[in-house]
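**Student:** Provided below: final.cif, containing mmCIF, C-alpha atoms and all ligand atoms.
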data_query
#
loop_
_atom_site.label_atom_id
_atom_site.label_comp_id
_atom_site.auth_asym_id
_atom_site.auth_seq_id
_atom_site.Cartn_x
_atom_site.Cartn_y
_atom_site.Cartn_z
CA MET A 1 -14.23 -11.09 46.39
CA LEU A 2 -14.42 -7.43 45.55
CA ASN A 3 -17.25 -5.86 43.72
CA GLU A 4 -16.00 -5.54 40.19
CA ASP A 5 -18.10 -2.52 39.53
CA LEU A 6 -19.98 0.16 41.37
CA SER A 7 -22.29 0.88 38.47
CA TYR A 8 -25.19 -1.50 38.45
CA GLU A 9 -28.30 -1.39 36.35
CA PRO A 10 -31.33 -0.03 38.23
CA ASP A 11 -32.75 -3.56 38.50
CA GLY A 12 -29.61 -4.50 40.40
CA ALA A 13 -28.85 -7.39 38.10
CA THR A 14 -26.23 -7.19 35.37
CA PRO A 15 -23.28 -4.92 36.03
CA LYS A 16 -22.95 -2.26 33.36
CA PRO A 17 -19.57 -1.66 31.77
CA PRO A 18 -18.03 1.66 32.79
CA GLN A 19 -18.11 4.57 30.33
CA LEU A 20 -14.43 5.41 30.59
CA SER A 21 -11.38 3.17 30.77
CA ILE A 22 -8.14 4.76 31.91
CA VAL A 23 -5.01 2.83 30.99
CA LEU A 24 -1.84 3.45 32.98
CA PRO A 25 1.48 1.83 32.01
CA ILE A 26 3.57 1.47 35.14
CA TYR A 27 7.24 0.65 35.47
CA ASN A 28 8.83 1.45 38.81
CA GLU A 29 6.45 4.22 39.81
CA ALA A 30 5.72 3.14 43.41
CA GLU A 31 6.17 6.62 44.84
CA SER A 32 4.00 8.33 42.25
CA LEU A 33 1.08 5.90 42.30
CA PRO A 34 -0.74 6.95 45.50
CA HIS A 35 -0.48 10.63 44.50
CA LEU A 36 -1.64 9.85 41.01
CA LEU A 37 -4.77 8.02 42.12
CA GLU A 38 -5.47 10.77 44.64
CA GLU A 39 -5.63 13.24 41.75
CA LEU A 40 -7.09 10.97 39.11
CA VAL A 41 -10.13 9.60 40.93
CA PRO A 42 -11.66 13.01 41.84
CA ALA A 43 -10.92 14.30 38.34
CA LEU A 44 -12.78 11.34 36.84
CA GLU A 45 -15.63 11.58 39.31
CA ALA A 46 -16.02 15.24 38.35
CA THR A 47 -16.81 14.19 34.78
CA GLY A 48 -19.95 12.49 36.06
CA ARG A 49 -19.19 9.33 34.12
CA THR A 50 -18.53 5.84 35.36
CA PHE A 51 -14.97 4.63 34.93
CA GLU A 52 -12.38 1.94 35.52
CA ILE A 53 -8.67 2.51 35.98
CA ILE A 54 -6.61 -0.26 34.42
CA CYS A 55 -3.13 -0.25 35.92
CA VAL A 56 -0.64 -2.33 33.99
CA ASP A 57 2.42 -3.15 36.05
CA ASP A 58 5.06 -3.68 33.41
CA GLY A 59 7.33 -5.91 35.51
CA SER A 60 8.26 -3.23 38.05
CA ARG A 61 11.12 -4.07 40.36
CA ASP A 62 10.12 -1.63 43.08
CA ASN A 63 7.00 -1.83 45.20
CA SER A 64 4.62 -0.65 42.47
CA PHE A 65 2.57 -3.84 42.61
CA GLY A 66 2.25 -3.61 46.40
CA GLU A 67 0.95 -0.07 46.02
CA LEU A 68 -1.49 -1.20 43.35
CA GLN A 69 -2.80 -3.98 45.61
CA LYS A 70 -3.46 -1.37 48.29
CA LEU A 71 -5.19 0.97 45.86
CA ARG A 72 -7.31 -1.85 44.48
CA ALA A 73 -8.36 -2.79 48.01
CA GLN A 74 -9.54 0.79 48.58
CA ASP A 75 -11.33 1.22 45.27
CA ALA A 76 -12.81 -1.56 43.16
CA ARG A 77 -12.74 0.66 40.09
CA VAL A 78 -8.99 0.11 40.04
CA ARG A 79 -8.06 -3.00 38.06
CA VAL A 80 -4.52 -4.33 38.04
CA VAL A 81 -2.63 -6.39 35.48
CA ARG A 82 0.86 -7.52 36.36
CA PHE A 83 3.35 -8.59 33.71
CA ARG A 84 5.88 -11.32 34.43
CA ARG A 85 8.71 -9.11 33.28
CA ASN A 86 9.27 -5.72 31.70
CA PHE A 87 7.74 -5.88 28.23
CA GLY A 88 7.79 -2.16 27.51
CA GLN A 89 5.28 0.64 27.38
CA THR A 90 3.68 -0.47 24.11
CA ALA A 91 2.92 -3.92 25.53
CA ALA A 92 1.52 -2.31 28.66
CA PHE A 93 -0.82 -0.18 26.56
CA ALA A 94 -1.86 -3.21 24.52
CA ALA A 95 -2.73 -5.18 27.68
CA GLY A 96 -4.80 -2.25 28.90
CA PHE A 97 -6.61 -1.84 25.58
CA ASP A 98 -7.44 -5.55 25.45
CA ARG A 99 -9.10 -5.29 28.84
CA ALA A 100 -10.76 -1.90 28.50
CA ARG A 101 -14.56 -2.04 28.62
CA GLY A 102 -15.39 1.65 28.33
CA GLU A 103 -16.58 3.35 25.15
CA VAL A 104 -13.78 5.85 25.60
CA VAL A 105 -10.25 4.79 26.44
CA ILE A 106 -7.88 7.32 27.99
CA THR A 107 -4.15 6.76 28.34
CA MET A 108 -1.72 8.68 30.48
CA ASP A 109 1.68 8.34 32.13
CA ALA A 110 1.75 7.05 35.67
CA ASP A 111 4.52 9.41 36.76
CA LEU A 112 2.36 12.49 37.46
CA GLN A 113 3.72 14.27 34.39
CA ASN A 114 0.24 14.44 32.88
CA ASP A 115 -2.44 16.39 34.67
CA PRO A 116 -5.70 14.48 35.29
CA THR A 117 -7.67 17.73 35.25
CA ASP A 118 -7.05 17.88 31.50
CA ILE A 119 -9.27 14.82 30.97
CA PRO A 120 -12.57 16.76 30.61
CA GLN A 121 -11.04 18.70 27.70
CA LEU A 122 -10.22 15.46 25.90
CA LEU A 123 -13.69 14.10 26.56
CA ALA A 124 -15.26 17.26 25.19
CA LYS A 125 -13.48 16.66 21.87
CA ILE A 126 -14.59 13.01 21.79
CA ASP A 127 -18.16 14.22 22.41
CA GLU A 128 -17.75 16.61 19.49
CA GLY A 129 -17.23 13.54 17.34
CA TYR A 130 -13.48 13.10 17.08
CA ASP A 131 -12.14 9.56 17.29
CA VAL A 132 -8.67 10.30 18.65
CA VAL A 133 -7.73 13.24 20.87
CA SER A 134 -4.06 13.79 21.55
CA GLY A 135 -2.55 15.98 24.24
CA TRP A 136 -0.04 18.63 23.31
CA ARG A 137 2.29 19.65 26.10
CA VAL A 138 2.59 23.27 25.15
CA LYS A 139 4.65 24.51 28.06
CA ARG A 140 7.37 21.93 28.11
CA TRP A 141 11.08 22.56 28.34
CA GLN A 142 11.75 24.84 31.21
CA GLU A 143 14.37 22.41 32.40
CA GLY A 144 17.76 23.84 31.46
CA PHE A 145 20.44 23.22 28.91
CA SER A 146 21.18 19.51 29.28
CA ALA A 147 17.48 18.75 29.03
CA PHE A 148 17.44 20.93 25.96
CA LEU A 149 20.12 18.79 24.31
CA THR A 150 19.04 15.33 25.42
CA ARG A 151 15.29 15.81 25.32
CA LYS A 152 14.12 18.87 23.46
CA VAL A 153 16.23 18.53 20.33
CA PRO A 154 15.53 14.78 19.87
CA SER A 155 11.87 15.28 20.63
CA ALA A 156 11.45 18.18 18.23
CA THR A 157 13.27 16.22 15.52
CA ALA A 158 11.15 13.15 16.18
CA ASN A 159 7.93 15.14 16.03
CA TRP A 160 8.97 16.72 12.78
CA LEU A 161 10.03 13.38 11.27
CA ILE A 162 6.86 11.61 12.33
CA SER A 163 4.72 14.45 11.00
CA LYS A 164 6.46 14.27 7.64
CA GLY A 165 6.69 10.50 7.61
CA THR A 166 3.11 9.71 8.49
CA GLY A 167 1.30 12.74 7.15
CA VAL A 168 -0.52 13.17 10.46
CA ARG A 169 0.30 16.65 11.71
CA LEU A 170 0.64 16.65 15.47
CA HIS A 171 2.94 18.81 17.56
CA ASP A 172 3.61 16.27 20.25
CA TYR A 173 3.56 12.55 19.50
CA GLY A 174 5.30 11.80 22.79
CA CYS A 175 2.44 12.96 24.97
CA ALA A 176 0.87 9.91 26.56
CA LEU A 177 -2.31 11.74 27.54
CA LYS A 178 -4.74 10.74 24.82
CA ALA A 179 -8.34 9.70 24.43
CA TYR A 180 -9.67 7.20 21.92
CA ARG A 181 -13.05 5.90 20.94
CA SER A 182 -12.72 2.28 21.96
CA ASP A 183 -13.52 0.67 18.60
CA VAL A 184 -10.61 2.60 17.11
CA ILE A 185 -8.10 1.41 19.65
CA LYS A 186 -9.35 -2.17 19.57
CA SER A 187 -8.85 -2.47 15.85
CA ILE A 188 -5.14 -1.65 16.04
CA ASN A 189 -2.49 -4.26 16.76
CA LEU A 190 0.59 -2.86 18.47
CA TYR A 191 4.14 -4.06 18.08
CA GLY A 192 7.60 -2.80 18.99
CA ASP A 193 7.54 0.73 20.32
CA LEU A 194 4.59 1.68 18.18
CA HIS A 195 2.51 3.35 20.88
CA ARG A 196 3.84 6.73 19.75
CA PHE A 197 2.33 6.14 16.35
CA ILE A 198 -1.19 5.17 17.34
CA PRO A 199 -2.71 8.41 15.98
CA ALA A 200 -0.86 7.88 12.70
CA ILE A 201 -1.90 4.24 12.43
CA ALA A 202 -5.44 5.17 13.38
CA SER A 203 -5.55 7.86 10.73
CA TYR A 204 -4.82 5.18 8.16
CA TYR A 205 -8.17 3.69 9.07
CA GLY A 206 -9.75 7.02 8.31
CA VAL A 207 -10.48 8.24 11.81
CA SER A 208 -10.44 11.89 12.81
CA VAL A 209 -7.58 13.06 15.00
CA VAL A 210 -7.43 16.31 16.93
CA GLU A 211 -4.99 17.91 19.33
CA VAL A 212 -5.67 19.81 22.56
CA PRO A 213 -3.15 21.77 24.63
CA VAL A 214 -2.53 20.12 27.99
CA ASN A 215 -0.59 20.85 31.11
CA TYR A 216 2.88 19.43 31.65
CA ARG A 217 4.68 18.85 34.91
CA SER A 218 8.20 17.67 35.52
CA ARG A 219 8.88 14.37 37.16
CA GLN A 220 8.69 14.42 40.96
CA PHE A 221 9.58 10.83 41.85
CA GLY A 222 11.71 8.12 40.27
CA ARG A 223 13.37 8.70 36.93
CA SER A 224 12.64 8.52 33.24
CA LYS A 225 12.80 5.04 31.74
CA TYR A 226 14.22 6.16 28.45
CA GLY A 227 17.58 7.57 27.48
CA ILE A 228 19.00 8.78 24.24
CA SER A 229 18.52 5.28 22.70
CA ARG A 230 14.89 6.23 22.19
CA ILE A 231 15.95 8.10 19.03
CA THR A 232 17.01 5.05 17.02
CA ARG A 233 13.93 3.14 18.09
CA VAL A 234 11.70 5.96 16.97
CA ILE A 235 13.43 6.19 13.60
CA LEU A 236 13.16 2.45 12.93
CA ASP A 237 9.54 2.38 14.01
CA LEU A 238 8.85 5.36 11.82
CA LEU A 239 10.24 3.46 8.84
CA THR A 240 7.99 0.51 9.61
CA VAL A 241 4.93 2.66 10.11
CA ARG A 242 5.62 4.69 7.00
CA PHE A 243 5.91 1.53 4.97
CA LEU A 244 2.91 -0.20 6.50
CA LEU A 245 0.76 2.88 6.08
CA SER A 246 1.54 3.46 2.46
CA TYR A 247 2.30 0.13 0.89
CA SER A 248 1.32 -2.77 3.11
CA THR A 249 -1.55 -3.81 0.87
CA ARG A 250 0.41 -3.27 -2.34
CA PRO A 251 4.12 -3.89 -1.81
CA ILE A 252 4.71 -4.62 -5.48
CA GLN A 253 3.81 -1.01 -6.20
CA ILE A 254 6.81 0.38 -4.39
CA PHE A 255 9.35 -2.42 -4.83
CA GLY A 256 8.19 -3.13 -8.35
CA LEU A 257 8.53 0.50 -9.31
CA MET A 258 12.06 0.77 -7.95
CA GLY A 259 12.90 -2.58 -9.51
CA LEU A 260 11.58 -1.64 -12.92
CA GLY A 261 13.46 1.68 -12.81
CA SER A 262 16.72 0.02 -11.89
CA LEU A 263 16.23 -2.76 -14.42
CA ALA A 264 15.40 -0.34 -17.22
CA LEU A 265 18.45 1.81 -16.51
CA GLY A 266 20.68 -1.28 -16.36
CA VAL A 267 19.35 -2.60 -19.65
CA LEU A 268 19.79 0.81 -21.31
CA ILE A 269 23.42 1.04 -20.24
CA GLY A 270 23.89 -2.57 -21.33
CA VAL A 271 22.51 -1.83 -24.78
CA TYR A 272 24.77 1.19 -25.09
CA LEU A 273 27.82 -0.86 -24.08
CA THR A 274 26.92 -3.61 -26.52
CA PHE A 275 26.66 -0.98 -29.18
CA VAL A 276 30.13 0.48 -28.53
CA LYS A 277 31.55 -3.01 -28.34
CA LEU A 278 30.03 -4.23 -31.61
CA VAL A 279 30.34 -1.02 -33.63
CA TYR A 280 33.51 0.58 -32.31
CA PHE A 281 35.18 -2.63 -31.09
CA GLU A 282 35.90 -0.96 -27.77
CA ASN A 283 37.23 -3.14 -25.00
CA LEU A 284 34.69 -3.26 -22.14
CA VAL A 285 37.06 -4.66 -19.53
CA ASP A 286 38.10 -1.28 -18.14
CA ARG A 287 34.61 0.27 -18.31
CA PRO A 288 33.14 0.67 -14.81
CA LEU A 289 29.86 1.37 -16.57
CA LEU A 290 29.63 -2.34 -17.29
CA LEU A 291 29.70 -3.08 -13.56
CA LEU A 292 27.03 -0.48 -13.01
CA ALA A 293 24.80 -2.04 -15.68
CA ILE A 294 25.14 -5.48 -14.14
CA LEU A 295 24.50 -4.11 -10.68
CA LEU A 296 21.39 -2.22 -11.78
CA VAL A 297 19.92 -5.23 -13.53
CA MET A 298 20.52 -7.47 -10.54
CA VAL A 299 19.14 -4.96 -8.07
CA GLY A 300 16.13 -4.49 -10.34
CA VAL A 301 15.38 -8.20 -10.42
CA GLN A 302 15.83 -8.37 -6.64
CA PHE A 303 13.42 -5.53 -6.02
CA ILE A 304 10.74 -7.03 -8.22
CA THR A 305 11.13 -10.37 -6.48
CA MET A 306 10.92 -8.63 -3.12
CA GLY A 307 7.74 -6.90 -4.19
CA LEU A 308 6.20 -10.22 -5.17
CA LEU A 309 7.26 -11.79 -1.87
CA GLY A 310 5.79 -8.77 -0.11
CA GLU A 311 2.52 -9.31 -1.95
CA MET A 312 2.38 -12.91 -0.74
CA ILE A 313 3.18 -11.93 2.83
CA SER A 314 0.63 -9.16 2.90
CA ARG A 315 -2.03 -11.50 1.57
CA THR A 316 -1.20 -14.08 4.20
CA TYR A 317 -1.36 -11.33 6.80
CA HIS A 318 -4.76 -10.07 5.82
CA GLU A 319 -6.26 -13.46 5.20
CA SER A 320 -4.89 -15.24 8.27
CA GLN A 321 -6.20 -12.52 10.54
CA ASN A 322 -9.37 -12.03 8.59
CA LYS A 323 -8.37 -8.41 8.38
CA PRO A 324 -10.33 -6.58 5.70
CA ILE A 325 -8.42 -4.06 3.64
CA TYR A 326 -11.04 -1.42 4.39
CA THR A 327 -12.79 0.03 7.41
CA VAL A 328 -16.47 0.86 7.48
CA ARG A 329 -17.87 3.92 9.25
CA GLU A 330 -21.50 2.90 9.16
CA GLU A 331 -23.96 0.83 7.23
CA LEU A 332 -27.63 1.41 6.59
CA GLY A 333 -29.88 -1.56 6.01
N1 LIG A 401 6.78 2.67 31.28
C1 LIG A 401 6.39 1.34 31.19
N2 LIG A 401 7.28 0.40 30.72
C2 LIG A 401 8.55 0.75 30.33
C3 LIG A 401 8.92 2.11 30.40
C4 LIG A 401 8.01 3.03 30.86
O1 LIG A 401 5.25 1.00 31.52
O2 LIG A 401 9.30 -0.13 29.95
C5 LIG A 401 5.82 3.66 31.77
C6 LIG A 401 6.33 4.53 32.89
O3 LIG A 401 6.12 3.94 34.16
C7 LIG A 401 5.53 5.81 32.72
C8 LIG A 401 5.34 5.88 31.22
O4 LIG A 401 5.56 4.56 30.72
O5 LIG A 401 4.27 5.71 33.35
C9 LIG A 401 6.29 6.88 30.55
O6 LIG A 401 7.63 6.61 30.91
P1 LIG A 401 8.66 7.76 31.31
O7 LIG A 401 8.00 8.73 32.23
O8 LIG A 401 9.89 7.10 31.82
O9 LIG A 401 8.93 8.44 29.91
P2 LIG A 401 9.21 9.99 29.64
O10 LIG A 401 8.21 10.78 30.42
O11 LIG A 401 10.59 10.23 30.08
O12 LIG A 401 9.01 10.15 28.17
MG MG A 402 7.43 10.62 32.16
#
Kindly present the structure from the file in structure tokens form.
Ligand code: UDP
Ligand code: MG
**Tutor:**
Amino acid sequence: MLNEDLSYEPDGATPKPPQLSIVLPIYNEAESLPHLLEELVPALEATGRTFEIICVDDGSRDNSFGELQKLRAQDARVRVVRFRRNFGQTAAFAAGFDRARGEVVITMDADLQNDPTDIPQLLAKIDEGYDVVSGWRVKRWQEGFSAFLTRKVPSATANWLISKGTGVRLHDYGCALKAYRSDVIKSINLYGDLHRFIPAIASYYGVSVVEVPVNYRSRQFGRSKYGISRITRVILDLLTVRFLLSYSTRPIQIFGLMGLGSLALGVLIGVYLTFVKLVYFENLVDRPLLLLAILLVMVGVQFITMGLLGEMISRTYHESQNKPIYTVREELG
């Protein structure tokens, strides 16, 4: 048995949880891992805080797990979780967050693209009172034209879309180097590819989000796990997040509104057509307007029904999980 923790209470009895939890999602990063830990551990020690490094092996097919076993044997502050198969980066983050014991949770990529010496900057912001600190890779994109097309353009578009869609203004949603106060991260359930949207989801709960410029390095070993397909995933997730953020507790408000609008327009056109039929004896068979009226009425009814269904689902969601529809900052007495 290894010592789980190096930080014991002075009386030598109960082990104290570490102050920081670092969460690393890992998929085929065997070559990077030893270098990463070599940089990360001194950087964390320099902060003077106690820490744990939670490495989540997301079903790697190279020797990542072997490397992690070695690293764990050398340093008990390294904890390792191994997935049965590749579940994706979001799942890896979720596993890390579930296990994190520190008051502050820090995430970063395991491929050496984030610089561990940026961590103190993030911590300083947390100490200032912010709940979420997000890295902003200011000096990215020195990589040439193909990188410009396949990475810069999609990334800039995505950042712009997410900013507009969620109302949380960040320059760089894709940067994995982030720090969270642990109660914030533990109150969020992650699905799909939603890890990019954690600051946006968190802001819904009323937390304060801030950005700090961080270093960026290009990949030295292995290759990126994402291709151009990332774009569609981001767009679909953005839709989900946008919807959940604005209407999840009141779906009837959005669907009902659209439904009522459509229904009203349909009825109006219908009344007009009835009028021309009854007063002017016009034949309605060759009036496309009639089709439009019918369509609008049907769509209207559908939307209202959908809103009501949404209401039921959202109630089931909140009640089954005992999720309150509010978040409390503090309470006195
Ligand atoms: N990753 C993961 N599961 C996946 C894909 C990626 O855990 O299915 C990890 C990967 O090992 C890396 C981080 O997520 O530590 C970011 O991935 P990558 O560097 O490929 O993304 P990029 O830097 O190209 O955005
Ligand atoms: Mg990377």
**Student:** Rank A:Ser64, A:Ser187, A:Thr50, A:Ser21 by their smallest atom-to-atom distance to ligand LIG 401 (chain A), using only C-alpha atoms and all ligand atoms, and report the top residue only.
**Tutor:**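 For ligand LIG 401 (chain A), the nearest of the given residues is A:Ser64.
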**Student:** From the set A:Phe303, A:Leu239, A:Leu295, A:Arg219, which residue has the shortest atom-to-atom contact distance to Pro251 in chain A, counting only C-alpha atoms?
**Tutor:** A:Phe303
**Student:** Please find the residues contacting ligand MG 402 (chain A) at a distance of at most 10 Å between atoms, with only C-alpha atoms and all ligand atoms counted, and report them as a ChimeraX atom specification.
**Tutor:** /A:108-114,174-176,216-226
**Student:** Do you have the CA of Val104 in chain A-CA of Arg181 in chain A distance handy?
**Tutor:**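 Distance between the two atoms: 4.7 Å.
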**Student:** Restricting the calculation to only C-alpha atoms, which member of A:Arg85, A:Lys125, A:Arg72, A:Arg151 is positioned closest to Lys178 in chain A?
**Tutor:**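 Between A:Arg85, A:Lys125, A:Arg72, A:Arg151, the residue approaching Lys178 in chain A most closely is A:Lys125.
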**Student:** Please put the answer as lines of an AutoDock Vina configuration file: centre and edge lengths, in Å with one decimal, of a box along x, y and z that encloses all listed atoms of ligand LIG 401 (chain A) plus 4 Å on each side.
**Tutor:**
center_x = 7.4
center_y = 5.3
center_z = 31.2
size_x = 14.3
size_y = 18.9
size_z = 14.0
**Student:** If we count only C-alpha atoms and set the cut-off at 9 Å, which residues sit around range 322-333 of chain A, ignoring sequence neighbours fewer than 2 positions away in its own chain? Please answer as a CSV table (one decimal) with C-alpha atoms, in the frame of the given file.
**Tutor:**
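Wrote it out as selection.csv, contents follow:
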chain,number,residue,atom,x,y,z
A,205,TYR,CA,-8.2,3.7,9.1
A,206,GLY,CA,-9.8,7.0,8.3
A,207,VAL,CA,-10.5,8.2,11.8
A,249,THR,CA,-1.6,-3.8,0.9
A,317,TYR,CA,-1.4,-11.3,6.8
A,318,HIS,CA,-4.8,-10.1,5.8
A,319,GLU,CA,-6.3,-13.5,5.2
A,320,SER,CA,-4.9,-15.2,8.3
**Student:** Give me, as a list in words, all polymer residues having an atom no more than 6 Å from range 27-29 of chain A, counting all atoms listed in the file and skipping those fewer than 4 positions away in the same chain.
**Tutor:**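 Once the nearby chain positions are removed, what remains is Asp58, Ser60, Asp62 and Ser64 of chain A.
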**Student:** For a quick check of understanding, using all atoms listed in the file, which of A:Glu52, A:Asp127, A:His195, A:Ile188 has the smallest distance to ligand LIG 401 (chain A)?
**Tutor:**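 With all atoms listed in the file as the atom set, the closest residue is A:His195.
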**Student:** I need range 225-249 of chain A from the structure I supplied, saved as a PDB file, in the first residue's frame with N, CA and C atoms retained.
**Tutor:**
ATOM      1  N   LYS A 225      -6.159  14.899 -30.957  1.00  0.00           N
ATOM      2  CA  LYS A 225      -7.199  13.870 -31.003  1.00  0.00           C
ATOM      3  C   LYS A 225      -8.438  14.345 -31.749  1.00  0.00           C
ATOM      4  N   TYR A 226      -8.418  15.585 -32.176  1.00  0.00           N
ATOM      5  CA  TYR A 226      -9.607  16.115 -32.819  1.00  0.00           C
ATOM      6  C   TYR A 226      -9.291  16.562 -34.230  1.00  0.00           C
ATOM      7  N   GLY A 227     -10.228  16.384 -35.135  1.00  0.00           N
ATOM      8  CA  GLY A 227     -10.069  16.914 -36.476  1.00  0.00           C
ATOM      9  C   GLY A 227     -11.095  18.000 -36.690  1.00  0.00           C
ATOM     10  N   ILE A 228     -11.480  18.136 -37.935  1.00  0.00           N
ATOM     11  CA  ILE A 228     -12.382  19.206 -38.311  1.00  0.00           C
ATOM     12  C   ILE A 228     -13.802  18.924 -37.786  1.00  0.00           C
ATOM     13  N   SER A 229     -14.088  17.645 -37.454  1.00  0.00           N
ATOM     14  CA  SER A 229     -15.418  17.244 -36.970  1.00  0.00           C
ATOM     15  C   SER A 229     -15.774  17.954 -35.672  1.00  0.00           C
ATOM     16  N   ARG A 230     -14.775  18.506 -35.018  1.00  0.00           N
ATOM     17  CA  ARG A 230     -15.013  19.208 -33.765  1.00  0.00           C
ATOM     18  C   ARG A 230     -16.039  20.336 -33.951  1.00  0.00           C
ATOM     19  N   ILE A 231     -16.032  20.922 -35.177  1.00  0.00           N
ATOM     20  CA  ILE A 231     -16.894  22.083 -35.423  1.00  0.00           C
ATOM     21  C   ILE A 231     -18.371  21.765 -35.217  1.00  0.00           C
ATOM     22  N   THR A 232     -18.834  20.654 -35.847  1.00  0.00           N
ATOM     23  CA  THR A 232     -20.259  20.343 -35.711  1.00  0.00           C
ATOM     24  C   THR A 232     -20.606  20.036 -34.259  1.00  0.00           C
ATOM     25  N   ARG A 233     -19.701  19.330 -33.579  1.00  0.00           N
ATOM     26  CA  ARG A 233     -19.989  19.007 -32.184  1.00  0.00           C
ATOM     27  C   ARG A 233     -20.141  20.274 -31.360  1.00  0.00           C
ATOM     28  N   VAL A 234     -19.249  21.220 -31.622  1.00  0.00           N
ATOM     29  CA  VAL A 234     -19.307  22.460 -30.853  1.00  0.00           C
ATOM     30  C   VAL A 234     -20.619  23.188 -31.123  1.00  0.00           C
ATOM     31  N   ILE A 235     -21.027  23.210 -32.395  1.00  0.00           N
ATOM     32  CA  ILE A 235     -22.255  23.935 -32.726  1.00  0.00           C
ATOM     33  C   ILE A 235     -23.461  23.290 -32.037  1.00  0.00           C
ATOM     34  N   LEU A 236     -23.535  21.944 -32.100  1.00  0.00           N
ATOM     35  CA  LEU A 236     -24.682  21.276 -31.489  1.00  0.00           C
ATOM     36  C   LEU A 236     -24.680  21.471 -29.973  1.00  0.00           C
ATOM     37  N   ASP A 237     -23.504  21.371 -29.381  1.00  0.00           N
ATOM     38  CA  ASP A 237     -23.429  21.583 -27.938  1.00  0.00           C
ATOM     39  C   ASP A 237     -23.802  23.009 -27.568  1.00  0.00           C
ATOM     40  N   LEU A 238     -23.409  23.930 -28.441  1.00  0.00           N
ATOM     41  CA  LEU A 238     -23.739  25.327 -28.176  1.00  0.00           C
ATOM     42  C   LEU A 238     -25.254  25.523 -28.140  1.00  0.00           C
ATOM     43  N   LEU A 239     -25.930  24.863 -29.099  1.00  0.00           N
ATOM     44  CA  LEU A 239     -27.392  24.934 -29.130  1.00  0.00           C
ATOM     45  C   LEU A 239     -27.972  24.434 -27.814  1.00  0.00           C
ATOM     46  N   THR A 240     -27.483  23.275 -27.376  1.00  0.00           N
ATOM     47  CA  THR A 240     -27.982  22.693 -26.134  1.00  0.00           C
ATOM     48  C   THR A 240     -27.746  23.645 -24.966  1.00  0.00           C
ATOM     49  N   VAL A 241     -26.500  24.124 -24.881  1.00  0.00           N
ATOM     50  CA  VAL A 241     -26.166  24.985 -23.750  1.00  0.00           C
ATOM     51  C   VAL A 241     -27.015  26.252 -23.767  1.00  0.00           C
ATOM     52  N   ARG A 242     -27.094  26.839 -24.947  1.00  0.00           N
ATOM     53  CA  ARG A 242     -27.880  28.062 -25.103  1.00  0.00           C
ATOM     54  C   ARG A 242     -29.306  27.837 -24.597  1.00  0.00           C
ATOM     55  N   PHE A 243     -29.882  26.714 -25.013  1.00  0.00           N
ATOM     56  CA  PHE A 243     -31.243  26.426 -24.618  1.00  0.00           C
ATOM     57  C   PHE A 243     -31.345  26.175 -23.114  1.00  0.00           C
ATOM     58  N   LEU A 244     -30.430  25.326 -22.616  1.00  0.00           N
ATOM     59  CA  LEU A 244     -30.494  24.988 -21.195  1.00  0.00           C
ATOM     60  C   LEU A 244     -30.296  26.226 -20.332  1.00  0.00           C
ATOM     61  N   LEU A 245     -29.373  27.098 -20.780  1.00  0.00           N
ATOM     62  CA  LEU A 245     -29.089  28.277 -19.975  1.00  0.00           C
ATOM     63  C   LEU A 245     -30.273  29.214 -19.919  1.00  0.00           C
ATOM     64  N   SER A 246     -30.972  29.358 -21.057  1.00  0.00           N
ATOM     65  CA  SER A 246     -31.981  30.405 -21.051  1.00  0.00           C
ATOM     66  C   SER A 246     -33.371  29.902 -20.710  1.00  0.00           C
ATOM     67  N   TYR A 247     -33.685  28.664 -21.078  1.00  0.00           N
ATOM     68  CA  TYR A 247     -35.088  28.282 -20.948  1.00  0.00           C
ATOM     69  C   TYR A 247     -35.347  26.973 -20.219  1.00  0.00           C
ATOM     70  N   SER A 248     -34.302  26.361 -19.632  1.00  0.00           N
ATOM     71  CA  SER A 248     -34.538  25.015 -19.125  1.00  0.00           C
ATOM     72  C   SER A 248     -35.560  25.002 -18.003  1.00  0.00           C
ATOM     73  N   THR A 249     -35.691  26.081 -17.251  1.00  0.00           N
ATOM     74  CA  THR A 249     -36.696  26.031 -16.189  1.00  0.00           C
ATOM     75  C   THR A 249     -38.029  26.606 -16.645  1.00  0.00           C
TER      76      THR A 249
END
